[in-house]
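For reference, the structure discussed in these notes is given below.
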Amino acid sequence: MGHSITVNTDNFTSEVVEQSHQKPVLVDFFATWCGPCQVLKPLLEKLVQEYDFILAKVDIDQNPELASQFGVEGVPDVRVVQQGRVFSGFVGAASEGKIRELLAQLNLKSSLELGLKAAKEAIAQGNAPLAKQQYDQLFEQFPDRALVAIEAAKFLLQVNQPEAAQKMLNTIDSSDRDYAQQVQSVRLLIELTTAAQEGGTGELDQKFAQAAQNALSGDYEKALQGFLEIVECDRQYRNDGAKKALLSLFSLLGNQHPLTQKYQQELTLLLF
C-alpha cells in the first residue's frame, strides 16, 4: 500500500525525485479552485490505498515555481516520476479505469484485486476458513469498498449464512451508484436463498424453492423456466413473486444475455 504527501519547492527533490528510485511517484498538480481537481483527488487517494506508489500533491498556487518548471498549463495535471525521471501521465479528471491502466503500465498490482483473487481461489479449493480469513482482512483494510462487501456477501451465501450476507450488504453506502446493480443482484440471491430454505408443502412452494435453488447453483435456465411455469399457473402466488423473481434474474444476467432475451420474450407472450 502506498501513501500520499503534500509536496512543495523545498521538499520536492527529497520526497519525489529521490523516493522515485524506490517506487513510482504520481505527482498531482492541482488548485483549490479547480473543480476537476476536487473530483480527481478522492479517486487518487482511494487508489493509493491499493497500489504501492507515492501520491505527491502540489498546489500550483502555493508552488508556482514547480508548476513553471514542469510546464503545467492546466490542472489537474498528473506526472509520473520513476528512477528520478519525470514522465507525462494525464491531464484532466481521468476515469478510474484509465488511472488503473496507467498503474498497470507501471507494473503495479492492486492489493485489493490480489486479495479478492486469493479469496476466490480458496473458495474454488473448498477452503472456506481461508476464504473467510481473506475477506476479513480485506474488509479490515478496505472497510468502505463496496466491491469487498459484495464479494464477501456472495461468499457468506455460499456457506449458507444469508443473514450475515445481508448485514454485509448493509455496510455499503446507498449513494454508491457504481455498484447498485451488483448489490441488487446479491439481494436477490439472499431472497432466493431464504425461499429455497423455507420450502413448503404445496406444489408451487416446492417448485418455487427448486427454481430458487437452481438460480443459486448457477443453473439460470432451469430457474427461469421454473419461475415462468409458476407465473403461467398462478399470478397470485407470493404476490406475483415468480414474475418478480424473473425480472430480478433478468437484471442479474443483464439485458444482453441470451437467456434474458429468450425468457423476456416468453414472459411477454405469456402476459399479453
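Identifiers for the C-alpha cells are assigned positionally: chains receive A, B, ... in sequence, residues are indexed from 1 per chain, and ligands are indexed from 1 in the order shown.
Omitting Leu246 in chain A and its sequence neighbours fewer than 6 positions away, and counting only C-alpha atoms, the residues within 10 Å are Ala223, Leu224, Gln225, Gly226, Phe227, Leu228, Val231, Leu252, Thr260, Tyr263, Gln264 and Leu267 of chain A.
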For the selection just defined, write its residues with N, CA and C atoms to a file, as an mmCIF file, in the first residue's frame.
data_model
loop_
_atom_site.group_PDB
_atom_site.id
_atom_site.type_symbol
_atom_site.label_atom_id
_atom_site.label_comp_id
_atom_site.auth_asym_id
_atom_site.auth_seq_id
_atom_site.Cartn_x
_atom_site.Cartn_y
_atom_site.Cartn_z
ATOM 1 N N ALA A 223 -33.896 -22.230 -13.623
ATOM 2 C CA ALA A 223 -34.536 -21.304 -12.693
ATOM 3 C C ALA A 223 -35.574 -20.460 -13.416
ATOM 4 N N LEU A 224 -35.199 -19.917 -14.557
ATOM 5 C CA LEU A 224 -36.114 -19.074 -15.313
ATOM 6 C C LEU A 224 -37.329 -19.868 -15.781
ATOM 7 N N GLN A 225 -37.081 -21.076 -16.245
ATOM 8 C CA GLN A 225 -38.184 -21.914 -16.703
ATOM 9 C C GLN A 225 -39.133 -22.235 -15.562
ATOM 10 N N GLY A 226 -38.562 -22.515 -14.390
ATOM 11 C CA GLY A 226 -39.385 -22.829 -13.220
ATOM 12 C C GLY A 226 -40.254 -21.658 -12.796
ATOM 13 N N PHE A 227 -39.673 -20.490 -12.726
ATOM 14 C CA PHE A 227 -40.446 -19.307 -12.333
ATOM 15 C C PHE A 227 -41.509 -18.971 -13.384
ATOM 16 N N LEU A 228 -41.157 -19.165 -14.658
ATOM 17 C CA LEU A 228 -42.116 -18.895 -15.731
ATOM 18 C C LEU A 228 -43.338 -19.814 -15.620
ATOM 19 N N VAL A 231 -45.621 -18.460 -12.984
ATOM 20 C CA VAL A 231 -46.368 -17.304 -13.487
ATOM 21 C C VAL A 231 -47.556 -17.779 -14.317
ATOM 22 N N LEU A 252 -30.030 -9.450 -13.038
ATOM 23 C CA LEU A 252 -28.778 -10.081 -12.638
ATOM 24 C C LEU A 252 -27.951 -10.493 -13.850
ATOM 25 N N THR A 260 -31.795 -13.905 -20.919
ATOM 26 C CA THR A 260 -32.674 -12.768 -20.627
ATOM 27 C C THR A 260 -33.566 -12.483 -21.823
ATOM 28 N N TYR A 263 -36.222 -15.401 -22.307
ATOM 29 C CA TYR A 263 -37.309 -15.500 -21.332
ATOM 30 C C TYR A 263 -38.082 -14.192 -21.159
ATOM 31 N N GLN A 264 -37.470 -13.071 -21.528
ATOM 32 C CA GLN A 264 -38.244 -11.834 -21.576
ATOM 33 C C GLN A 264 -39.341 -11.957 -22.631
ATOM 34 N N LEU A 267 -41.997 -14.384 -21.366
ATOM 35 C CA LEU A 267 -42.819 -13.757 -20.323
ATOM 36 C C LEU A 267 -43.809 -12.783 -20.937
#
| task | May I have the residues within 12 Å of range 176-187 of chain A as an MDAnalysis selection string, using only C-alpha atoms and disregarding those fewer than 2 positions away in the same chain? | result | chainID A and resid 96 144:158 162:174 189:194 215:216 245:254
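The coordinates place CA of Gln38 in chain A at 25.6 Å from CA of Glu113 in chain A.
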| Polymer residues at most 7 Å from range 12-29 of chain A, only C-alpha atoms, same-chain spacing of 3 or more positions, as an MDAnalysis selection string | chainID A and resid 7:9 53:60 75:84
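Coordinates place CA of Lys243 in chain A at a distance of 18.7 Å from CA of Gly218 in chain A.
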| request: Work out how far CA of Ala124 in chain A is from CA of Phe139 in chain A, in Å to one decimal. | output: 20.1 Å
| All strand (DSSP E or B) positions in range 74-233 of chain A, as a list in words | Asp77, Val78, Arg79, Val80, Val81, Gln82, Arg85, Val86, Phe87, Ser88, Gly89, Phe90 and Val91 of chain A
| task | Could you please write out, as a PyMOL selection string, every residue of range 66-201 of chain A that DSSP assigns to alpha helix (DSSP H)? | result | chain A and resi 66-69+96-105+111-124+128-141+146-158+162-169+180-198
Can you build me a table of range 233-271 of chain A residues sitting at most 12 Å from range 195-198 of chain A, with the closest atom pair per residue and its distance in Å to one decimal, using only C-alpha atoms, sorted by chain and residue number, as CSV?
residue,atom,partner,partner_atom,distance
A:Arg238,CA,A:Ala195,CA,10.7
A:Gly241,CA,A:Ala195,CA,10.6
A:Ala242,CA,A:Ala195,CA,11.3
A:Ala245,CA,A:Ala195,CA,10.9
Take the selection from the previous step and output its residues with C-alpha atoms, as a PDB file, in the first residue's frame.
ATOM      1  CA  ARG A 238     -46.395 -14.977  -3.351  1.00  0.00           C
ATOM      2  CA  GLY A 241     -43.401 -13.416  -6.648  1.00  0.00           C
ATOM      3  CA  ALA A 242     -42.425 -15.607  -9.587  1.00  0.00           C
ATOM      4  CA  ALA A 245     -38.020 -13.283  -9.455  1.00  0.00           C
TER       5      ALA A 245
END
